[in-house]
>>> print(open('protein_6.cif').read())   # mmCIF, C-alpha atoms and all ligand atoms
data_my_file
loop_
_atom_site.label_atom_id
_atom_site.label_comp_id
_atom_site.auth_asym_id
_atom_site.auth_seq_id
_atom_site.Cartn_x
_atom_site.Cartn_y
_atom_site.Cartn_z
CA MET A 1 30.75 278.11 26.11
CA THR A 2 30.10 281.06 28.41
CA ALA A 3 30.96 284.53 27.13
CA PHE A 4 34.29 286.07 28.14
CA GLY A 5 33.97 287.77 31.52
CA SER A 6 30.51 286.54 32.47
CA VAL A 7 31.56 284.19 35.30
CA PHE A 8 32.70 285.77 38.57
CA MET A 9 34.31 284.61 41.78
CA PRO A 10 31.80 284.96 44.65
CA GLU A 11 33.91 287.45 46.63
CA MET A 12 35.85 290.65 45.96
CA THR A 13 38.07 293.07 47.88
CA MET A 14 36.60 296.47 48.50
CA THR A 15 37.51 299.80 50.06
CA ARG A 16 35.61 303.09 50.34
CA PHE A 17 36.81 306.66 50.36
CA ASP A 18 34.62 308.71 52.70
CA GLY A 19 35.91 312.12 51.68
CA GLN A 20 38.88 311.93 54.06
CA ALA A 21 40.45 308.50 53.96
CA TRP A 22 40.23 305.03 52.48
CA SER A 23 38.73 302.32 54.66
CA ARG A 24 40.69 299.17 55.43
CA PRO A 25 40.08 296.88 52.41
CA GLN A 26 37.71 294.02 53.14
CA ILE A 27 36.73 290.83 51.43
CA VAL A 28 32.99 290.90 50.77
CA SER A 29 30.44 289.16 48.58
CA SER A 30 30.72 290.15 44.91
CA GLU A 31 27.04 289.51 44.33
CA ARG A 32 25.92 293.11 44.67
CA ILE A 33 26.84 296.59 45.85
CA GLU A 34 24.49 299.18 47.23
CA LEU A 35 24.38 302.60 45.62
CA HIS A 36 22.11 305.61 45.90
CA PRO A 37 20.21 306.05 42.60
CA GLY A 38 21.67 309.54 42.43
CA ALA A 39 25.23 308.30 42.85
CA HIS A 40 27.74 310.31 40.84
CA VAL A 41 28.85 307.26 38.83
CA LEU A 42 25.28 306.57 37.66
CA GLN A 43 24.59 310.17 36.70
CA TYR A 44 27.91 311.57 35.54
CA ALA A 45 29.97 308.46 34.73
CA SER A 46 32.73 308.87 37.31
CA THR A 47 34.15 305.42 36.73
CA CYS A 48 37.39 303.90 35.55
CA PHE A 49 38.79 300.39 35.61
CA GLU A 50 41.68 298.10 34.76
CA GLY A 51 42.06 294.68 33.20
CA LEU A 52 44.99 292.41 34.02
CA LYS A 53 45.55 288.68 34.31
CA ALA A 54 46.87 286.06 36.73
CA PHE A 55 48.42 282.87 35.32
CA ARG A 56 48.90 279.37 36.68
CA HIS A 57 52.40 278.00 36.15
CA THR A 58 53.26 274.33 35.85
CA ASP A 59 54.93 274.41 39.31
CA GLY A 60 51.54 275.40 40.76
CA LYS A 61 52.52 279.02 41.40
CA VAL A 62 50.16 281.83 40.40
CA LYS A 63 51.65 285.02 38.94
CA ILE A 64 50.23 288.35 37.83
CA PHE A 65 51.46 290.04 34.65
CA ARG A 66 52.77 293.64 34.84
CA MET A 67 50.58 294.70 37.75
CA ASP A 68 52.66 297.85 38.34
CA ARG A 69 51.67 299.15 34.91
CA ASN A 70 47.98 298.60 35.51
CA LEU A 71 48.14 300.24 38.93
CA ALA A 72 49.86 303.29 37.46
CA ARG A 73 47.23 303.49 34.72
CA LEU A 74 44.34 303.17 37.20
CA SER A 75 45.89 306.00 39.17
CA GLN A 76 46.20 308.09 36.00
CA SER A 77 42.60 307.41 34.93
CA THR A 78 41.44 308.31 38.44
CA ASP A 79 43.33 311.62 38.36
CA LEU A 80 42.15 312.54 34.87
CA LEU A 81 38.54 311.94 35.97
CA GLY A 82 39.09 314.10 39.07
CA MET A 83 38.20 311.21 41.39
CA PRO A 84 39.66 310.66 44.89
CA ALA A 85 43.32 309.67 44.47
CA ILE A 86 44.09 305.99 44.97
CA ASP A 87 46.95 304.43 46.91
CA GLN A 88 48.64 302.14 44.37
CA ASP A 89 50.28 300.00 47.07
CA MET A 90 46.94 299.44 48.76
CA VAL A 91 45.22 298.48 45.50
CA GLY A 92 48.16 296.19 44.67
CA SER A 93 47.69 294.41 48.02
CA MET A 94 43.96 294.13 47.36
CA ILE A 95 44.68 292.43 44.04
CA LEU A 96 47.18 290.01 45.60
CA ASP A 97 44.75 289.25 48.45
CA ILE A 98 41.79 288.37 46.31
CA VAL A 99 43.76 286.48 43.66
CA GLY A 100 45.50 284.58 46.47
CA ARG A 101 42.14 283.70 48.01
CA PHE A 102 40.96 282.23 44.72
CA ALA A 103 44.33 280.87 43.59
CA ALA A 104 42.88 277.37 43.31
CA GLU A 105 40.33 278.70 40.80
CA VAL A 106 42.91 280.16 38.41
CA PRO A 107 42.40 278.10 35.23
CA GLU A 108 45.11 275.97 33.67
CA PRO A 109 46.69 277.27 30.43
CA PRO A 110 45.37 278.43 28.00
CA GLY A 111 42.97 279.92 30.56
CA SER A 112 43.75 282.58 33.15
CA MET A 113 42.13 284.68 35.89
CA TYR A 114 41.04 288.07 34.60
CA VAL A 115 41.33 290.75 37.30
CA ARG A 116 39.12 293.83 37.13
CA PRO A 117 39.84 296.67 39.60
CA SER A 118 37.02 299.23 39.36
CA HIS A 119 36.77 302.72 40.85
CA ILE A 120 33.39 304.50 41.04
CA GLY A 121 32.13 307.83 42.40
CA THR A 122 29.47 307.13 45.02
CA GLU A 123 28.38 310.55 46.26
CA PRO A 124 24.60 310.99 45.95
CA ALA A 125 24.70 314.45 44.35
CA ILE A 126 22.83 315.16 41.13
CA GLY A 127 23.86 318.80 41.47
CA LYS A 128 27.47 317.84 40.88
CA ALA A 129 27.42 317.75 37.08
CA ALA A 130 30.51 319.95 36.99
CA ALA A 131 32.19 318.75 40.18
CA SER A 132 33.73 315.48 41.22
CA SER A 133 32.36 312.94 43.66
CA ALA A 134 33.69 313.51 47.16
CA THR A 135 33.32 309.81 47.97
CA SER A 136 34.12 306.69 46.02
CA MET A 137 34.37 302.93 46.14
CA LEU A 138 37.12 300.75 44.76
CA TYR A 139 36.71 297.01 44.32
CA VAL A 140 38.53 294.17 42.61
CA ILE A 141 36.45 291.44 40.97
CA LEU A 142 37.73 288.25 39.35
CA SER A 143 36.59 286.32 36.31
CA PRO A 144 38.17 283.03 35.21
CA VAL A 145 38.58 283.07 31.43
CA GLY A 146 39.47 280.54 28.76
CA ASP A 147 41.44 281.00 25.58
CA TYR A 148 39.93 283.98 23.77
CA PHE A 149 40.38 282.21 20.45
CA ALA A 150 39.61 278.67 21.53
CA GLY A 151 42.08 277.27 19.03
CA ASN A 152 40.74 278.82 15.85
CA ASP A 153 42.88 281.04 13.70
CA ALA A 154 40.09 283.27 12.37
CA THR A 155 41.20 286.77 11.46
CA LEU A 156 39.35 289.98 12.22
CA ARG A 157 37.56 292.34 9.85
CA LEU A 158 38.16 295.97 10.71
CA LEU A 159 36.24 298.95 9.39
CA LEU A 160 38.52 301.99 9.03
CA ASP A 161 36.66 305.07 10.23
CA ASP A 162 38.50 308.22 9.19
CA GLU A 163 35.71 310.60 10.19
CA GLY A 164 34.52 309.65 13.66
CA MET A 165 36.42 309.41 16.92
CA ARG A 166 36.53 306.73 19.60
CA CYS A 167 36.32 309.32 22.34
CA ALA A 168 36.93 312.99 23.02
CA PRO A 169 40.60 313.75 22.22
CA HIS A 170 41.47 314.74 25.80
CA MET A 171 40.09 311.44 27.17
CA GLY A 172 42.23 309.03 25.15
CA THR A 173 44.44 307.85 28.01
CA VAL A 174 41.59 307.30 30.47
CA LYS A 175 40.36 303.70 30.77
CA CYS A 176 36.77 304.58 31.51
CA GLY A 177 33.25 303.40 30.78
CA GLY A 178 32.34 306.68 29.10
CA ASN A 179 34.83 306.09 26.31
CA TYR A 180 33.37 302.67 25.60
CA ALA A 181 29.86 304.11 25.53
CA SER A 182 30.93 306.80 23.09
CA ALA A 183 32.34 304.24 20.62
CA LEU A 184 29.53 301.73 20.88
CA GLN A 185 27.09 303.05 18.30
CA VAL A 186 29.78 303.30 15.63
CA ILE A 187 30.82 299.70 16.29
CA GLN A 188 27.24 298.43 16.24
CA LYS A 189 26.61 300.12 12.89
CA ALA A 190 29.83 298.65 11.47
CA ARG A 191 28.75 295.17 12.58
CA ALA A 192 25.33 295.50 11.02
CA SER A 193 26.30 297.23 7.78
CA VAL A 194 29.57 295.54 6.73
CA GLN A 195 29.91 292.63 9.19
CA ALA A 196 33.02 294.24 10.69
CA ASP A 197 34.28 292.80 13.98
CA GLN A 198 35.71 296.11 15.16
CA VAL A 199 36.17 299.70 14.05
CA LEU A 200 39.70 301.04 13.67
CA PHE A 201 39.42 304.71 14.50
CA CYS A 202 41.57 306.89 12.22
CA PRO A 203 40.52 310.49 12.90
CA GLY A 204 41.69 312.74 10.09
CA GLY A 205 43.40 309.75 8.43
CA ASP A 206 45.64 309.02 11.44
CA VAL A 207 45.52 305.32 12.39
CA GLN A 208 44.78 305.21 16.12
CA GLU A 209 43.17 302.18 17.80
CA THR A 210 39.94 300.20 18.02
CA GLY A 211 37.32 300.44 20.77
CA ALA A 212 39.35 298.31 23.18
CA ALA A 213 42.68 297.37 21.60
CA ASN A 214 45.80 298.92 20.07
CA PHE A 215 46.71 298.40 16.42
CA LEU A 216 50.03 297.13 15.02
CA LEU A 217 51.15 296.80 11.42
CA ILE A 218 53.82 294.19 10.70
CA ASP A 219 55.57 294.51 7.34
CA GLY A 220 58.60 292.27 6.98
CA ASP A 221 61.00 293.25 9.78
CA GLU A 222 59.13 296.49 10.52
CA VAL A 223 56.56 296.81 13.30
CA ILE A 224 54.67 300.10 13.02
CA THR A 225 52.26 301.58 15.55
CA LYS A 226 51.13 305.00 16.65
CA ALA A 227 53.52 306.86 18.96
CA LEU A 228 52.25 307.53 22.48
CA ASP A 229 50.21 310.72 22.79
CA GLN A 230 47.11 311.82 24.69
CA SER A 231 44.64 310.57 22.08
CA PHE A 232 44.65 306.84 22.76
CA LEU A 233 45.00 304.23 25.49
CA HIS A 234 48.56 303.13 26.16
CA GLY A 235 48.20 299.37 26.27
CA VAL A 236 50.39 297.22 28.50
CA THR A 237 50.21 294.50 25.85
CA ARG A 238 51.31 297.00 23.19
CA ASP A 239 54.35 297.92 25.27
CA SER A 240 55.17 294.27 25.99
CA ILE A 241 54.88 293.19 22.35
CA LEU A 242 57.03 296.13 21.19
CA THR A 243 59.67 295.25 23.79
CA LEU A 244 59.75 291.62 22.63
CA ALA A 245 59.79 292.66 18.96
CA ARG A 246 62.75 295.00 19.52
CA ASP A 247 64.69 292.26 21.30
CA MET A 248 63.94 289.82 18.47
CA GLY A 249 65.53 292.26 16.04
CA PHE A 250 62.43 293.83 14.50
CA LYS A 251 62.59 297.50 13.55
CA VAL A 252 59.94 298.98 15.82
CA GLN A 253 58.60 302.31 14.64
CA GLU A 254 56.38 304.33 16.95
CA ARG A 255 55.12 307.06 14.68
CA GLU A 256 52.16 308.43 12.75
CA LEU A 257 50.67 305.90 10.34
CA SER A 258 48.26 307.24 7.74
CA VAL A 259 45.32 305.29 6.35
CA GLN A 260 46.91 305.68 2.93
CA GLU A 261 50.22 304.10 4.02
CA LEU A 262 48.38 301.37 5.90
CA LEU A 263 46.35 300.40 2.84
CA GLU A 264 49.39 300.47 0.56
CA ARG A 265 51.43 298.23 2.84
CA ALA A 266 48.51 295.93 3.68
CA ARG A 267 48.19 294.88 0.03
CA LYS A 268 51.74 293.49 0.01
CA PRO A 269 51.85 289.66 0.17
CA GLY A 270 53.75 289.26 3.46
CA CYS A 271 52.06 292.04 5.39
CA GLU A 272 50.37 291.37 8.75
CA ALA A 273 48.24 293.43 11.11
CA ALA A 274 47.12 292.72 14.65
CA LEU A 275 45.21 294.09 17.63
CA SER A 276 46.83 294.01 21.06
CA GLY A 277 45.10 293.91 24.42
CA THR A 278 45.05 291.92 27.66
CA ALA A 279 41.99 289.85 26.79
CA ALA A 280 43.01 288.66 23.30
CA VAL A 281 46.81 289.23 23.62
CA LEU A 282 47.55 289.65 19.89
CA ALA A 283 44.69 289.05 17.46
CA PRO A 284 45.39 288.80 13.72
CA VAL A 285 43.58 291.16 11.36
CA GLY A 286 42.73 289.69 7.95
CA THR A 287 40.61 292.34 6.28
CA LEU A 288 40.37 296.13 6.23
CA LEU A 289 37.20 297.83 5.03
CA HIS A 290 37.48 301.38 3.78
CA ARG A 291 34.93 303.48 1.90
CA GLY A 292 33.18 300.50 0.35
CA GLU A 293 36.40 298.72 -0.54
CA GLU A 294 37.56 295.45 1.01
CA ILE A 295 41.34 295.11 1.37
CA GLN A 296 42.93 291.82 2.33
CA VAL A 297 45.91 292.18 4.68
CA GLY A 298 48.72 290.07 3.18
CA SER A 299 47.44 286.53 2.83
CA GLY A 300 44.32 287.36 4.84
CA LEU A 301 45.33 284.66 7.33
CA ALA A 302 47.05 284.78 10.72
CA GLY A 303 50.69 285.58 9.90
CA PRO A 304 53.88 283.97 11.25
CA THR A 305 55.19 287.10 13.00
CA THR A 306 51.90 287.71 14.79
CA ARG A 307 52.03 284.09 15.99
CA LYS A 308 55.66 284.33 17.02
CA LEU A 309 55.17 287.52 19.05
CA ARG A 310 52.02 286.19 20.66
CA GLN A 311 53.82 282.97 21.55
CA ALA A 312 56.79 284.86 23.05
CA LEU A 313 54.46 286.86 25.28
CA THR A 314 52.32 283.95 26.43
CA ASP A 315 55.47 281.88 27.09
CA ILE A 316 56.52 284.49 29.66
CA GLN A 317 53.01 284.75 31.12
CA TRP A 318 52.77 281.00 31.70
CA GLY A 319 56.37 280.61 32.82
CA ARG A 320 57.45 278.55 29.82
CA THR A 321 60.43 280.90 29.38
CA LYS A 322 62.43 282.96 31.83
CA ASP A 323 60.84 286.22 32.98
CA THR A 324 63.89 288.26 31.95
CA TYR A 325 62.00 291.58 32.10
CA GLY A 326 60.67 291.05 35.62
CA TRP A 327 57.06 291.30 34.42
CA LEU A 328 55.57 288.75 36.83
CA THR A 329 54.49 289.26 40.45
CA ASP A 330 54.16 286.19 42.71
CA VAL A 331 50.75 285.64 44.25
CA THR A 332 51.40 282.23 45.78
C1 LIG A 401 42.33 298.36 27.70
C2 LIG A 401 42.47 299.00 26.37
C3 LIG A 401 43.52 298.68 25.49
C4 LIG A 401 44.50 297.57 25.75
O1 LIG A 401 45.28 297.78 26.87
P1 LIG A 401 46.05 296.55 27.55
O2 LIG A 401 46.75 297.19 28.69
O3 LIG A 401 46.98 296.03 26.54
O4 LIG A 401 45.04 295.56 27.95
C5 LIG A 401 43.62 299.39 24.31
N1 LIG A 401 42.73 300.34 23.99
C6 LIG A 401 41.70 300.67 24.80
C7 LIG A 401 40.76 301.72 24.39
C8 LIG A 401 41.54 300.01 26.02
O5 LIG A 401 40.51 300.33 26.81
#
>>> encode(input="protein_6.cif", output="structure tokens", more="lines below")
Ligand SMILES: *Cc1c(COP(=O)(O)O)cnc(C)c1O
Amino acid sequence: MTAFGSVFMPEMTMTRFDGQAWSRPQIVSSERIELHPGAHVLQYASTCFEGLKAFRHTDGKVKIFRMDRNLARLSQSTDLLGMPAIDQDMVGSMILDIVGRFAAEVPEPPGSMYVRPSHIGTEPAIGKAAASSATSMLYVILSPVGDYFAGNDATLRLLLDDEGMRCAPHMGTVKCGGNYASALQVIQKARASVQADQVLFCPGGDVQETGAANFLLIDGDEVITKALDQSFLHGVTRDSILTLARDMGFKVQERELSVQELLERARKPGCEAALSGTAAVLAPVGTLLHRGEEIQVGSGLAGPTTRKLRQALTDIQWGRTKDTYGWLTDVT
């Protein structure tokens, strides 16, 4: 099996900002781009991106999930990085164009087409350490993906880190490469030392998120997750799952969750925990590791509520139930 996100469609849509205006988007080869070695993105990490998915329905139609949310977030990341402002309508058209062009390549369920808009600062200017790139490039690449879990119900092991941080506190809502780079060493160490799959960052004992996914605690009819603030990435999957949970009658609580409360609740027999994100949708967490202790979450297995919420979301994505929230955009 090839690794998630390592196969690409041969073409992409691309536009450049020359300091004044965006060029008319074009479909070009996705094999390579040309950049000056002193390009701002390579020196000072002016880059942000998005991740969303297109789904093939049984009637043959291809639909994209909550594209408006991803466009708004790309725009926000761009602004927070001081990069040339994007035109959300133009980027939306670029996404529809390229997904439409490769509509026949969108995998059947449980696969989908992962869509990756990327915005990079291209100005060759190594003197601009404290200034933004005047020029930039925005492209949308596509990667057909299978089921992240490939049918197995394995649960994740998370190391709780109550000392470190995923990223600088003012960068939490930016979906950018720099944040991933800053979390990488901590995750690598956690893999090597305690065989953790991911690190759950809990600065000062406040349960936040992992390197690339939001965290939800499910205890009976309560769904608990951190309230939106500037310190973490506001996931579209998080929002979708919370919306579905509310409508199913769960008591959704967006609030501070301390490591202490998390560990107390996790030990209860029926407790569940999960990570939410576009790639994995909702991934069950079976074990928490904290200061040398190993705590099993509930039964340690994938729980029924996690399954039910995941199913409800994927049913909408693949058109198996009515799109009552208007989350899908037609491509074909
Ligand atoms: C992308 C991302 C998420 C998940 O966001 P979705 O919109 O649900 O895919 C969560 N945390 C971080 C740090 C991310 O980069």
>>> residues_near_ligand(input="protein_6.cif", ligand="ligand LIG 401 (chain A)", cutoff="9 Å", atoms="only C-alpha atoms and all ligand atoms", output="PyMOL selection string")
chain A and resi 49-52+69-70+73+166+172-177+179-180+209-215+232-240+275-281
>>> closest_residue(input="protein_6.cif", among="A:Thr122, A:Phe65, A:Asp221, A:Asp87", to="Glu34 in chain A", atoms="all atoms listed in the file")
A:Thr122
>>> closest_residue(input="protein_6.cif", among="A:Trp22, A:Tyr44, A:Tyr114, A:Phe55", to="Ile86 in chain A", atoms="all atoms listed in the file")
A:Trp22
>>> residues_near_point(input="protein_6.cif", point="(41.4, 287.9, 13.5)", cutoff="7 Å", atoms="only C-alpha atoms", output="list in words")
Ala154, Thr155, Leu156, Arg157, Ala283, Pro284, Val285 and Gly286 of chain A
>>> residues_around(input="protein_6.cif", residues="Val145 in chain A", least_positions_apart="2", cutoff="9 Å", atoms="all atoms listed in the file", output="list in words")
Ala3, Phe4, Gly5, Ser6, Val7, Val106, Pro107, Pro110, Gly111, Ser112, Met113, Tyr114, Ser143, Asp147, Tyr148 and Ala279 of chain A
>>> write_last_selection(input="protein_6.cif", atoms="C-alpha atoms", output="mmCIF file, in the coordinates of the input")
data_model
loop_
_atom_site.group_PDB
_atom_site.id
_atom_site.type_symbol
_atom_site.label_atom_id
_atom_site.label_comp_id
_atom_site.auth_asym_id
_atom_site.auth_seq_id
_atom_site.Cartn_x
_atom_site.Cartn_y
_atom_site.Cartn_z
ATOM 1 C CA ALA A 3 30.960 284.530 27.130
ATOM 2 C CA PHE A 4 34.290 286.070 28.140
ATOM 3 C CA GLY A 5 33.970 287.770 31.520
ATOM 4 C CA SER A 6 30.510 286.540 32.470
ATOM 5 C CA VAL A 7 31.560 284.190 35.300
ATOM 6 C CA VAL A 106 42.910 280.160 38.410
ATOM 7 C CA PRO A 107 42.400 278.100 35.230
ATOM 8 C CA PRO A 110 45.370 278.430 28.000
ATOM 9 C CA GLY A 111 42.970 279.920 30.560
ATOM 10 C CA SER A 112 43.750 282.580 33.150
ATOM 11 C CA MET A 113 42.130 284.680 35.890
ATOM 12 C CA TYR A 114 41.040 288.070 34.600
ATOM 13 C CA SER A 143 36.590 286.320 36.310
ATOM 14 C CA ASP A 147 41.440 281.000 25.580
ATOM 15 C CA TYR A 148 39.930 283.980 23.770
ATOM 16 C CA ALA A 279 41.990 289.850 26.790
#
>>> atom_distance(input="protein_6.cif", atom1="CA of Leu242 in chain A", atom2="CA of Pro144 in chain A")
26.9 Å
>>> residues_around(input="protein_6.cif", residues="Val331 in chain A", least_positions_apart="4", cutoff="12 Å", atoms="all atoms listed in the file", output="PyMOL selection string")
chain A and resi 53-57+60-65+67+92-104+106
>>> residues_near_point(input="protein_6.cif", point="(39.6, 293.6, 10.3)", cutoff="9 Å", atoms="only C-alpha atoms", output="list in words")
Thr155, Leu156, Arg157, Leu158, Leu159, Leu160, Ala196, Asp197, Gln198, Val199, Leu200, Ala273, Ala274, Pro284, Val285, Gly286, Thr287, Leu288, Leu289, Gln296 and Val297 of chain A
>>> decode(input="protein_6.cif", residues="range 101-133 of chain A", atoms="N, CA and C atoms", output="PDB file, in the first residue's frame")
ATOM      1  N   ARG A 101     -11.537  18.285 -13.577  1.00  0.00           N
ATOM      2  CA  ARG A 101     -10.665  17.709 -14.608  1.00  0.00           C
ATOM      3  C   ARG A 101     -10.289  16.265 -14.286  1.00  0.00           C
ATOM      4  N   PHE A 102     -10.125  15.986 -12.993  1.00  0.00           N
ATOM      5  CA  PHE A 102      -9.743  14.625 -12.597  1.00  0.00           C
ATOM      6  C   PHE A 102     -10.883  13.883 -11.904  1.00  0.00           C
ATOM      7  N   ALA A 103     -12.108  14.267 -12.245  1.00  0.00           N
ATOM      8  CA  ALA A 103     -13.285  13.663 -11.591  1.00  0.00           C
ATOM      9  C   ALA A 103     -13.295  12.144 -11.750  1.00  0.00           C
ATOM     10  N   ALA A 104     -12.846  11.684 -12.922  1.00  0.00           N
ATOM     11  CA  ALA A 104     -12.863  10.232 -13.173  1.00  0.00           C
ATOM     12  C   ALA A 104     -11.879   9.496 -12.272  1.00  0.00           C
ATOM     13  N   GLU A 105     -10.926  10.235 -11.704  1.00  0.00           N
ATOM     14  CA  GLU A 105      -9.898   9.608 -10.848  1.00  0.00           C
ATOM     15  C   GLU A 105     -10.270   9.630  -9.364  1.00  0.00           C
ATOM     16  N   VAL A 106     -11.414  10.250  -9.045  1.00  0.00           N
ATOM     17  CA  VAL A 106     -11.823  10.271  -7.630  1.00  0.00           C
ATOM     18  C   VAL A 106     -12.186   8.851  -7.223  1.00  0.00           C
ATOM     19  N   PRO A 107     -11.484   8.289  -6.231  1.00  0.00           N
ATOM     20  CA  PRO A 107     -11.712   6.889  -5.858  1.00  0.00           C
ATOM     21  C   PRO A 107     -13.136   6.621  -5.374  1.00  0.00           C
ATOM     22  N   GLU A 108     -13.538   5.389  -5.500  1.00  0.00           N
ATOM     23  CA  GLU A 108     -14.814   4.926  -4.934  1.00  0.00           C
ATOM     24  C   GLU A 108     -14.686   4.908  -3.405  1.00  0.00           C
ATOM     25  N   PRO A 109     -15.823   4.995  -2.682  1.00  0.00           N
ATOM     26  CA  PRO A 109     -15.770   4.821  -1.232  1.00  0.00           C
ATOM     27  C   PRO A 109     -15.111   3.469  -0.902  1.00  0.00           C
ATOM     28  N   PRO A 110     -14.323   3.356   0.139  1.00  0.00           N
ATOM     29  CA  PRO A 110     -14.045   4.364   1.167  1.00  0.00           C
ATOM     30  C   PRO A 110     -12.908   5.321   0.818  1.00  0.00           C
ATOM     31  N   GLY A 111     -12.519   5.397  -0.456  1.00  0.00           N
ATOM     32  CA  GLY A 111     -11.476   6.338  -0.849  1.00  0.00           C
ATOM     33  C   GLY A 111     -12.062   7.703  -1.148  1.00  0.00           C
ATOM     34  N   SER A 112     -11.206   8.659  -1.413  1.00  0.00           N
ATOM     35  CA  SER A 112     -11.638  10.007  -1.793  1.00  0.00           C
ATOM     36  C   SER A 112     -10.465  10.737  -2.441  1.00  0.00           C
ATOM     37  N   MET A 113     -10.739  11.936  -2.971  1.00  0.00           N
ATOM     38  CA  MET A 113      -9.660  12.744  -3.554  1.00  0.00           C
ATOM     39  C   MET A 113      -9.307  13.835  -2.554  1.00  0.00           C
ATOM     40  N   TYR A 114      -8.069  13.774  -2.060  1.00  0.00           N
ATOM     41  CA  TYR A 114      -7.598  14.782  -1.118  1.00  0.00           C
ATOM     42  C   TYR A 114      -7.117  15.997  -1.911  1.00  0.00           C
ATOM     43  N   VAL A 115      -7.571  17.173  -1.510  1.00  0.00           N
ATOM     44  CA  VAL A 115      -7.286  18.412  -2.236  1.00  0.00           C
ATOM     45  C   VAL A 115      -6.391  19.296  -1.360  1.00  0.00           C
ATOM     46  N   ARG A 116      -5.269  19.724  -1.912  1.00  0.00           N
ATOM     47  CA  ARG A 116      -4.296  20.471  -1.126  1.00  0.00           C
ATOM     48  C   ARG A 116      -3.958  21.827  -1.781  1.00  0.00           C
ATOM     49  N   PRO A 117      -4.735  22.885  -1.461  1.00  0.00           N
ATOM     50  CA  PRO A 117      -4.338  24.227  -1.894  1.00  0.00           C
ATOM     51  C   PRO A 117      -3.115  24.673  -1.079  1.00  0.00           C
ATOM     52  N   SER A 118      -2.147  25.267  -1.738  1.00  0.00           N
ATOM     53  CA  SER A 118      -0.914  25.674  -1.057  1.00  0.00           C
ATOM     54  C   SER A 118      -0.543  27.083  -1.491  1.00  0.00           C
ATOM     55  N   HIS A 119      -0.132  27.908  -0.566  1.00  0.00           N
ATOM     56  CA  HIS A 119       0.215  29.302  -0.862  1.00  0.00           C
ATOM     57  C   HIS A 119       1.636  29.555  -0.354  1.00  0.00           C
ATOM     58  N   ILE A 120       2.534  29.991  -1.248  1.00  0.00           N
ATOM     59  CA  ILE A 120       3.939  30.165  -0.855  1.00  0.00           C
ATOM     60  C   ILE A 120       4.474  31.528  -1.292  1.00  0.00           C
ATOM     61  N   GLY A 121       5.344  32.102  -0.475  1.00  0.00           N
ATOM     62  CA  GLY A 121       5.990  33.380  -0.789  1.00  0.00           C
ATOM     63  C   GLY A 121       7.174  33.147  -1.706  1.00  0.00           C
ATOM     64  N   THR A 122       7.179  33.778  -2.862  1.00  0.00           N
ATOM     65  CA  THR A 122       8.190  33.457  -3.886  1.00  0.00           C
ATOM     66  C   THR A 122       9.278  34.515  -4.059  1.00  0.00           C
ATOM     67  N   GLU A 123       9.151  35.644  -3.399  1.00  0.00           N
ATOM     68  CA  GLU A 123      10.112  36.720  -3.655  1.00  0.00           C
ATOM     69  C   GLU A 123      11.537  36.295  -3.271  1.00  0.00           C
ATOM     70  N   PRO A 124      12.499  36.431  -4.227  1.00  0.00           N
ATOM     71  CA  PRO A 124      13.883  36.121  -3.880  1.00  0.00           C
ATOM     72  C   PRO A 124      14.422  37.300  -3.074  1.00  0.00           C
ATOM     73  N   ALA A 125      14.454  37.193  -1.760  1.00  0.00           N
ATOM     74  CA  ALA A 125      14.847  38.327  -0.924  1.00  0.00           C
ATOM     75  C   ALA A 125      15.268  37.816   0.446  1.00  0.00           C
ATOM     76  N   ILE A 126      16.570  37.491   0.577  1.00  0.00           N
ATOM     77  CA  ILE A 126      17.024  36.981   1.875  1.00  0.00           C
ATOM     78  C   ILE A 126      17.163  38.101   2.893  1.00  0.00           C
ATOM     79  N   GLY A 127      17.014  39.344   2.443  1.00  0.00           N
ATOM     80  CA  GLY A 127      17.035  40.464   3.383  1.00  0.00           C
ATOM     81  C   GLY A 127      15.691  40.690   4.042  1.00  0.00           C
ATOM     82  N   LYS A 128      14.695  39.927   3.632  1.00  0.00           N
ATOM     83  CA  LYS A 128      13.341  40.150   4.137  1.00  0.00           C
ATOM     84  C   LYS A 128      12.968  39.221   5.300  1.00  0.00           C
ATOM     85  N   ALA A 129      13.882  39.109   6.272  1.00  0.00           N
ATOM     86  CA  ALA A 129      13.590  38.250   7.416  1.00  0.00           C
ATOM     87  C   ALA A 129      12.429  38.808   8.229  1.00  0.00           C
ATOM     88  N   ALA A 130      12.288  40.116   8.226  1.00  0.00           N
ATOM     89  CA  ALA A 130      11.247  40.752   9.041  1.00  0.00           C
ATOM     90  C   ALA A 130      10.223  41.468   8.171  1.00  0.00           C
ATOM     91  N   ALA A 131      10.117  41.031   6.916  1.00  0.00           N
ATOM     92  CA  ALA A 131       9.115  41.624   6.025  1.00  0.00           C
ATOM     93  C   ALA A 131       8.504  40.517   5.193  1.00  0.00           C
ATOM     94  N   SER A 132       7.315  40.746   4.673  1.00  0.00           N
ATOM     95  CA  SER A 132       6.661  39.672   3.940  1.00  0.00           C
ATOM     96  C   SER A 132       7.070  39.667   2.475  1.00  0.00           C
ATOM     97  N   SER A 133       6.812  38.548   1.843  1.00  0.00           N
ATOM     98  CA  SER A 133       7.120  38.382   0.423  1.00  0.00           C
ATOM     99  C   SER A 133       6.145  39.219  -0.394  1.00  0.00           C
TER     100      SER A 133
END
